[in-house]
file structure_7.txt (compact mmCIF, C-alpha atoms)
# COMPACT_ATOMS: atom_id res chain seq x y z
CA MET L 1 72.09 -36.43 -37.66
CA SER L 2 72.25 -39.49 -35.46
CA HIS L 3 69.33 -41.68 -34.46
CA ALA L 4 67.61 -40.71 -31.21
CA SER L 5 67.97 -42.60 -27.97
CA ALA L 6 65.96 -42.06 -24.80
CA SER L 7 68.75 -39.96 -23.32
CA ASP L 8 68.84 -37.51 -26.24
CA THR L 9 65.08 -37.04 -26.53
CA ILE L 10 62.55 -34.81 -24.82
CA VAL L 11 58.90 -35.92 -25.02
CA LYS L 12 56.04 -33.72 -23.79
CA GLU L 13 52.30 -34.19 -24.19
CA ILE L 14 49.32 -31.90 -23.64
CA THR L 15 45.58 -32.12 -24.31
CA ILE L 16 44.09 -29.06 -26.00
CA GLU L 17 40.38 -28.35 -26.38
CA ALA L 18 40.58 -27.48 -30.06
CA PRO L 19 40.51 -29.35 -33.37
CA ALA L 20 43.81 -30.63 -34.77
CA GLU L 21 43.45 -28.37 -37.83
CA ARG L 22 43.31 -25.27 -35.58
CA ILE L 23 46.47 -26.36 -33.76
CA PHE L 24 48.29 -27.28 -36.96
CA GLU L 25 47.51 -23.82 -38.37
CA ALA L 26 48.82 -22.13 -35.21
CA LEU L 27 52.06 -24.13 -35.54
CA THR L 28 52.66 -23.41 -39.22
CA ASN L 29 51.08 -20.04 -40.09
CA PRO L 30 53.73 -17.33 -39.53
CA ASP L 31 51.20 -14.66 -38.48
CA GLN L 32 49.58 -16.97 -35.95
CA ARG L 33 52.83 -18.40 -34.62
CA LEU L 34 54.21 -14.97 -33.82
CA LYS L 35 51.13 -14.29 -31.64
CA TRP L 36 51.95 -17.08 -29.18
CA TRP L 37 55.63 -18.04 -29.67
CA GLY L 38 57.28 -16.14 -26.85
CA ALA L 39 57.39 -15.69 -23.10
CA GLU L 40 57.05 -12.36 -21.32
CA GLY L 41 60.44 -11.23 -20.06
CA GLN L 42 62.29 -14.12 -21.73
CA TYR L 43 61.91 -13.94 -25.52
CA ARG L 44 59.49 -13.06 -28.29
CA GLY L 45 59.36 -13.88 -31.94
CA THR L 46 59.48 -10.91 -34.30
CA HIS L 47 59.59 -12.59 -37.72
CA MET L 48 58.79 -16.03 -39.10
CA GLU L 49 59.13 -17.53 -42.56
CA SER L 50 57.59 -20.86 -43.51
CA ASP L 51 57.78 -22.77 -46.79
CA LEU L 52 55.38 -25.50 -45.67
CA ARG L 53 56.36 -28.49 -47.80
CA PRO L 54 58.79 -31.38 -47.32
CA GLY L 55 62.22 -29.89 -47.94
CA GLY L 56 60.90 -26.35 -47.40
CA LYS L 57 62.77 -24.07 -45.01
CA TRP L 58 61.42 -22.32 -41.93
CA MET L 59 63.01 -19.67 -39.74
CA THR L 60 62.02 -17.59 -36.72
CA ARG L 61 63.87 -14.50 -35.52
CA GLY L 62 63.25 -12.74 -32.26
CA ILE L 63 64.48 -10.80 -29.27
CA GLY L 64 65.70 -12.60 -26.17
CA ARG L 65 66.64 -11.48 -22.68
CA ALA L 66 68.34 -8.10 -22.50
CA GLY L 67 67.35 -7.35 -26.10
CA GLN L 68 69.64 -9.98 -27.61
CA ALA L 69 68.61 -11.08 -31.11
CA PHE L 70 68.19 -14.79 -31.82
CA SER L 71 67.12 -17.06 -34.63
CA VAL L 72 66.17 -20.70 -35.03
CA GLY L 73 65.42 -22.48 -38.25
CA GLY L 74 65.40 -25.71 -40.13
CA GLU L 75 63.74 -27.74 -42.82
CA TYR L 76 60.36 -29.45 -42.92
CA ARG L 77 60.80 -33.22 -43.16
CA GLU L 78 57.24 -34.60 -42.92
CA ILE L 79 53.87 -32.88 -43.21
CA GLU L 80 50.60 -34.77 -42.91
CA ARG L 81 48.05 -32.05 -42.25
CA PRO L 82 46.59 -31.88 -39.63
CA ARG L 83 48.11 -34.82 -37.75
CA LEU L 84 51.89 -34.69 -38.19
CA LEU L 85 54.57 -32.03 -38.48
CA VAL L 86 58.29 -32.90 -38.43
CA PHE L 87 61.11 -30.41 -38.91
CA THR L 88 64.79 -29.95 -38.16
CA TRP L 89 65.80 -27.43 -35.50
CA LEU L 90 69.03 -25.42 -35.34
CA PRO L 91 69.16 -22.52 -32.85
CA ASP L 92 71.83 -19.83 -32.89
CA TRP L 93 71.80 -19.23 -29.10
CA ASP L 94 73.91 -22.33 -28.42
CA ALA L 95 77.28 -21.99 -30.13
CA ASN L 96 77.77 -25.77 -30.01
CA ALA L 97 74.28 -26.66 -31.22
CA GLU L 98 73.84 -29.51 -33.65
CA GLU L 99 70.78 -29.93 -35.84
CA SER L 100 68.04 -31.85 -34.01
CA LEU L 101 64.55 -33.01 -34.92
CA VAL L 102 61.16 -31.76 -33.63
CA ARG L 103 58.02 -33.82 -34.19
CA PHE L 104 54.42 -32.80 -33.41
CA ASP L 105 51.85 -35.62 -33.43
CA LEU L 106 48.23 -34.42 -33.20
CA LEU L 107 45.50 -36.92 -32.36
CA GLU L 108 41.98 -35.47 -32.34
CA ARG L 109 38.94 -37.08 -30.72
CA ASP L 110 35.61 -35.22 -30.59
CA GLY L 111 37.21 -31.79 -31.10
CA VAL L 112 39.85 -32.34 -28.39
CA THR L 113 43.43 -32.92 -29.51
CA THR L 114 46.33 -34.63 -27.79
CA VAL L 115 49.55 -32.94 -28.88
CA ARG L 116 52.72 -34.96 -28.43
CA LEU L 117 56.00 -33.15 -28.97
CA THR L 118 59.17 -35.20 -29.44
CA HIS L 119 62.48 -33.35 -29.70
CA SER L 120 65.27 -35.79 -30.54
CA GLY L 121 68.94 -35.55 -31.40
CA LEU L 122 69.86 -33.51 -28.31
CA THR L 123 73.19 -35.25 -27.96
CA SER L 124 74.76 -33.12 -25.22
CA GLU L 125 73.74 -32.10 -21.72
CA SER L 126 73.97 -28.48 -22.87
CA ALA L 127 71.54 -29.13 -25.74
CA ARG L 128 69.05 -30.82 -23.39
CA ALA L 129 69.38 -27.98 -20.88
CA HIS L 130 68.76 -25.34 -23.57
CA HIS L 131 65.51 -27.05 -24.64
CA GLN L 132 63.65 -27.58 -21.36
CA GLY L 133 61.14 -24.84 -22.25
CA TRP L 134 58.82 -27.06 -24.29
CA PRO L 135 56.14 -27.35 -21.54
CA GLN L 136 55.85 -23.54 -21.53
CA VAL L 137 55.72 -23.44 -25.35
CA LEU L 138 52.91 -26.03 -25.36
CA ALA L 139 51.04 -24.11 -22.64
CA ARG L 140 51.19 -20.91 -24.72
CA LEU L 141 50.02 -22.82 -27.80
CA GLN L 142 47.12 -24.17 -25.73
CA ALA L 143 46.17 -20.73 -24.40
CA TYR L 144 46.27 -19.27 -27.91
CA VAL L 145 44.16 -21.90 -29.68
CA GLU L 146 41.64 -22.23 -26.84
CA SER L 147 41.03 -18.46 -26.66
call {"tool": "encode", "arguments": {"input": "structure_7.txt", "output": "structure tokens"}}
result
Amino acid sequence: MSHASASDTIVKEITIEAPAERIFEALTNPDQRLKWWGAEGQYRGTHMESDLRPGGKWMTRGIGRAGQAFSVGGEYREIERPRLLVFTWLPDWDANAEESLVRFDLLERDGVTTVRLTHSGLTSESARAHHQGWPQVLARLQAYVES
């Protein structure tokens, strides 16, 4: 995997009215993640596995548009509960996909958490185009943990 440059990186940030621990749990607990990881009419997760330790594997399977099955998975690289989660990302819906890196930084102040997502290693225009859904993912995470 190559080092990230500004052109191969997506950075999104959101403020969520919930403690960092609550958000971290929603990101890493398979039962919780399946409750919010999806978008009506676009895709929904149906199964998630998570071996939450550096070097541990994770994988999510689901159903996409028109009932098409998909999966995405990777390996946890860094875990500093509840403030940092870093993992590799390799989706099967892009035949030319290369492994990339997703990083969640959680900074809590007075029970409100700023979540910064950095997705790097998106070396092609196709890869960047296939990963523009992060604002919607973060909005669903926010709705789930604030409910």
call {"tool": "atom_distance", "arguments": {"input": "structure_7.txt", "atom1": "atom CA of L:Ala127", "atom2": "atom CA of L:Gly73"}}
result
15.4 Å
call {"tool": "atom_distance", "arguments": {"input": "structure_7.txt", "atom1": "atom CA of L:Ala95", "atom2": "atom CA of L:His130"}}
result
11.3 Å
call {"tool": "residues_around", "arguments": {"input": "structure_7.txt", "residues": "L:Thr28", "least_positions_apart": "2", "cutoff": "12 Å", "atoms": "all atoms listed in the file", "output": "PyMOL selection string"}}
result
chain L and resi 21-26+30-37+48-53+56-60+76+79+81-82+84-87+104+141
call {"tool": "closest_residue", "arguments": {"input": "structure_7.txt", "among": "L:Val137, L:Glu75, L:Pro91, L:Ser147", "to": "L:Pro54", "atoms": "all atoms listed in the file"}}
result
L:Glu75
call {"tool": "closest_atom_pairs", "arguments": {"input": "structure_7.txt", "of": "stretch 45-137 of chain L", "to": "stretch 8-18 of chain L", "cutoff": "10 Å", "atoms": "all atoms listed in the file", "output": "CSV"}}
result
residue,atom,partner,partner_atom,distance
L:Ser100,CA,L:Thr9,CA,9.6
L:Leu101,CA,L:Thr9,CA,9.3
L:Val102,CA,L:Ile10,CA,9.4
L:Arg103,CA,L:Val11,CA,9.4
L:Phe104,CA,L:Glu13,CA,9.6
L:Asp105,CA,L:Glu13,CA,9.4
L:Leu106,CA,L:Thr15,CA,9.6
L:Leu107,CA,L:Thr15,CA,9.4
L:Glu108,CA,L:Ala18,CA,8.4
L:Arg109,CA,L:Ala18,CA,9.8
L:Asp110,CA,L:Ala18,CA,9.2
L:Gly111,CA,L:Ala18,CA,5.6
L:Val112,CA,L:Glu17,CA,4.5
L:Thr113,CA,L:Ile16,CA,5.3
L:Thr114,CA,L:Thr15,CA,4.4
L:Val115,CA,L:Ile14,CA,5.3
L:Arg116,CA,L:Glu13,CA,4.3
L:Leu117,CA,L:Lys12,CA,5.2
L:Thr118,CA,L:Val11,CA,4.5
L:His119,CA,L:Ile10,CA,5.1
L:Ser120,CA,L:Thr9,CA,4.2
L:Gly121,CA,L:Asp8,CA,5.5
L:Leu122,CA,L:Asp8,CA,4.6
L:Thr123,CA,L:Asp8,CA,5.2
L:Ser124,CA,L:Asp8,CA,7.4
L:Glu125,CA,L:Asp8,CA,8.6
L:Ala127,CA,L:Asp8,CA,8.8
L:Arg128,CA,L:Asp8,CA,7.3
L:His131,CA,L:Ile10,CA,8.3
L:Gln132,CA,L:Ile10,CA,8.1
L:Trp134,CA,L:Lys12,CA,7.2
L:Pro135,CA,L:Lys12,CA,6.8
call {"tool": "atom_distance", "arguments": {"input": "structure_7.txt", "atom1": "atom CA of L:Val72", "atom2": "atom CA of L:Asp94"}}
result
10.3 Å
call {"tool": "closest_residue", "arguments": {"input": "structure_7.txt", "among": "L:Leu27, L:Ala39, L:Ala20, L:Ser126", "to": "L:Arg140", "atoms": "all atoms listed in the file"}}
result
L:Ala39
call {"tool": "residues_around", "arguments": {"input": "structure_7.txt", "residues": "stretch 68-71 of chain L", "least_positions_apart": "4", "cutoff": "10 Å", "atoms": "all atoms listed in the file", "output": "list in words"}}
result
Tyr43, Arg44, Gly45, Thr46, His47, Met48, Met59, Thr60, Arg61, Gly62, Ile63, Gly64, Leu90, Pro91, Asp92 and Trp93 of chain L
call {"tool": "build_atoms", "arguments": {"input": "structure_7.txt", "residues": "stretch 55-66 of chain L", "atoms": "all heavy atoms", "output": "CSV table (one decimal), in the frame of the given file"}}
result
chain,number,residue,atom,x,y,z
L,55,GLY,N,61.0,-30.5,-47.4
L,55,GLY,CA,62.2,-29.9,-47.9
L,55,GLY,C,62.2,-28.4,-47.9
L,55,GLY,O,63.2,-27.7,-48.1
L,56,GLY,N,61.0,-27.8,-47.5
L,56,GLY,CA,60.9,-26.4,-47.4
L,56,GLY,C,61.6,-25.9,-46.1
L,56,GLY,O,61.6,-26.6,-45.1
L,57,LYS,N,62.1,-24.7,-46.2
L,57,LYS,CA,62.8,-24.1,-45.0
L,57,LYS,C,61.8,-23.3,-44.2
L,57,LYS,O,60.8,-22.8,-44.6
L,57,LYS,CB,63.9,-23.1,-45.5
L,57,LYS,CG,64.9,-23.8,-46.4
L,57,LYS,CD,65.8,-24.7,-45.7
L,57,LYS,CE,66.9,-25.2,-46.6
L,57,LYS,NZ,67.5,-26.4,-46.2
L,58,TRP,N,62.1,-23.2,-42.9
L,58,TRP,CA,61.4,-22.3,-41.9
L,58,TRP,C,62.5,-21.6,-41.1
L,58,TRP,O,63.6,-22.1,-40.9
L,58,TRP,CB,60.4,-23.1,-41.1
L,58,TRP,CG,61.1,-23.9,-40.0
L,58,TRP,CD1,61.6,-25.2,-40.2
L,58,TRP,CD2,61.4,-23.6,-38.7
L,58,TRP,NE1,62.2,-25.6,-39.0
L,58,TRP,CE2,62.1,-24.7,-38.1
L,58,TRP,CE3,61.2,-22.4,-37.9
L,58,TRP,CZ2,62.6,-24.6,-36.8
L,58,TRP,CZ3,61.7,-22.4,-36.6
L,58,TRP,CH2,62.3,-23.5,-36.1
L,59,MET,N,62.1,-20.4,-40.6
L,59,MET,CA,63.0,-19.7,-39.7
L,59,MET,C,62.2,-18.7,-38.9
L,59,MET,O,61.2,-18.1,-39.3
L,59,MET,CB,64.0,-18.9,-40.6
L,59,MET,CG,65.1,-18.2,-39.9
L,59,MET,SD,64.7,-16.5,-39.4
L,59,MET,CE,64.1,-15.8,-41.0
L,60,THR,N,62.6,-18.6,-37.6
L,60,THR,CA,62.0,-17.6,-36.7
L,60,THR,C,63.1,-16.7,-36.2
L,60,THR,O,64.2,-17.3,-35.7
L,60,THR,CB,61.3,-18.3,-35.6
L,60,THR,OG1,60.2,-19.0,-36.1
L,60,THR,CG2,60.7,-17.2,-34.6
L,61,ARG,N,63.0,-15.4,-36.2
L,61,ARG,CA,63.9,-14.5,-35.5
L,61,ARG,C,63.1,-13.8,-34.4
L,61,ARG,O,61.9,-13.7,-34.4
L,61,ARG,CB,64.3,-13.4,-36.5
L,61,ARG,CG,65.3,-13.9,-37.5
L,61,ARG,CD,66.0,-12.8,-38.3
L,61,ARG,NE,65.1,-12.0,-39.0
L,61,ARG,CZ,64.8,-12.1,-40.3
L,61,ARG,NH1,65.4,-13.0,-41.0
L,61,ARG,NH2,64.0,-11.3,-40.9
L,62,GLY,N,63.9,-13.4,-33.4
L,62,GLY,CA,63.2,-12.7,-32.3
L,62,GLY,C,64.2,-12.0,-31.4
L,62,GLY,O,65.4,-11.9,-31.7
L,63,ILE,N,63.7,-11.5,-30.3
L,63,ILE,CA,64.5,-10.8,-29.3
L,63,ILE,C,64.4,-11.6,-28.0
L,63,ILE,O,63.3,-11.9,-27.5
L,63,ILE,CB,63.9,-9.4,-29.0
L,63,ILE,CG1,63.8,-8.6,-30.4
L,63,ILE,CG2,64.7,-8.6,-28.0
L,63,ILE,CD1,65.2,-8.3,-31.0
L,64,GLY,N,65.6,-11.9,-27.4
L,64,GLY,CA,65.7,-12.6,-26.2
L,64,GLY,C,65.9,-11.7,-25.0
L,64,GLY,O,65.7,-10.4,-25.1
L,65,ARG,N,66.3,-12.3,-23.9
L,65,ARG,CA,66.6,-11.5,-22.7
L,65,ARG,C,67.6,-10.4,-23.0
L,65,ARG,O,68.5,-10.5,-23.8
L,65,ARG,CB,67.2,-12.4,-21.6
L,65,ARG,CG,66.2,-13.4,-21.1
L,65,ARG,CD,66.7,-14.1,-19.9
L,65,ARG,NE,65.6,-15.0,-19.4
L,65,ARG,CZ,65.8,-16.2,-19.1
L,65,ARG,NH1,66.9,-16.8,-19.1
L,65,ARG,NH2,64.7,-16.9,-18.7
L,66,ALA,N,67.4,-9.2,-22.4
L,66,ALA,CA,68.3,-8.1,-22.5
L,66,ALA,C,68.4,-7.6,-23.9
L,66,ALA,O,69.4,-7.0,-24.3
L,66,ALA,CB,69.7,-8.4,-21.9
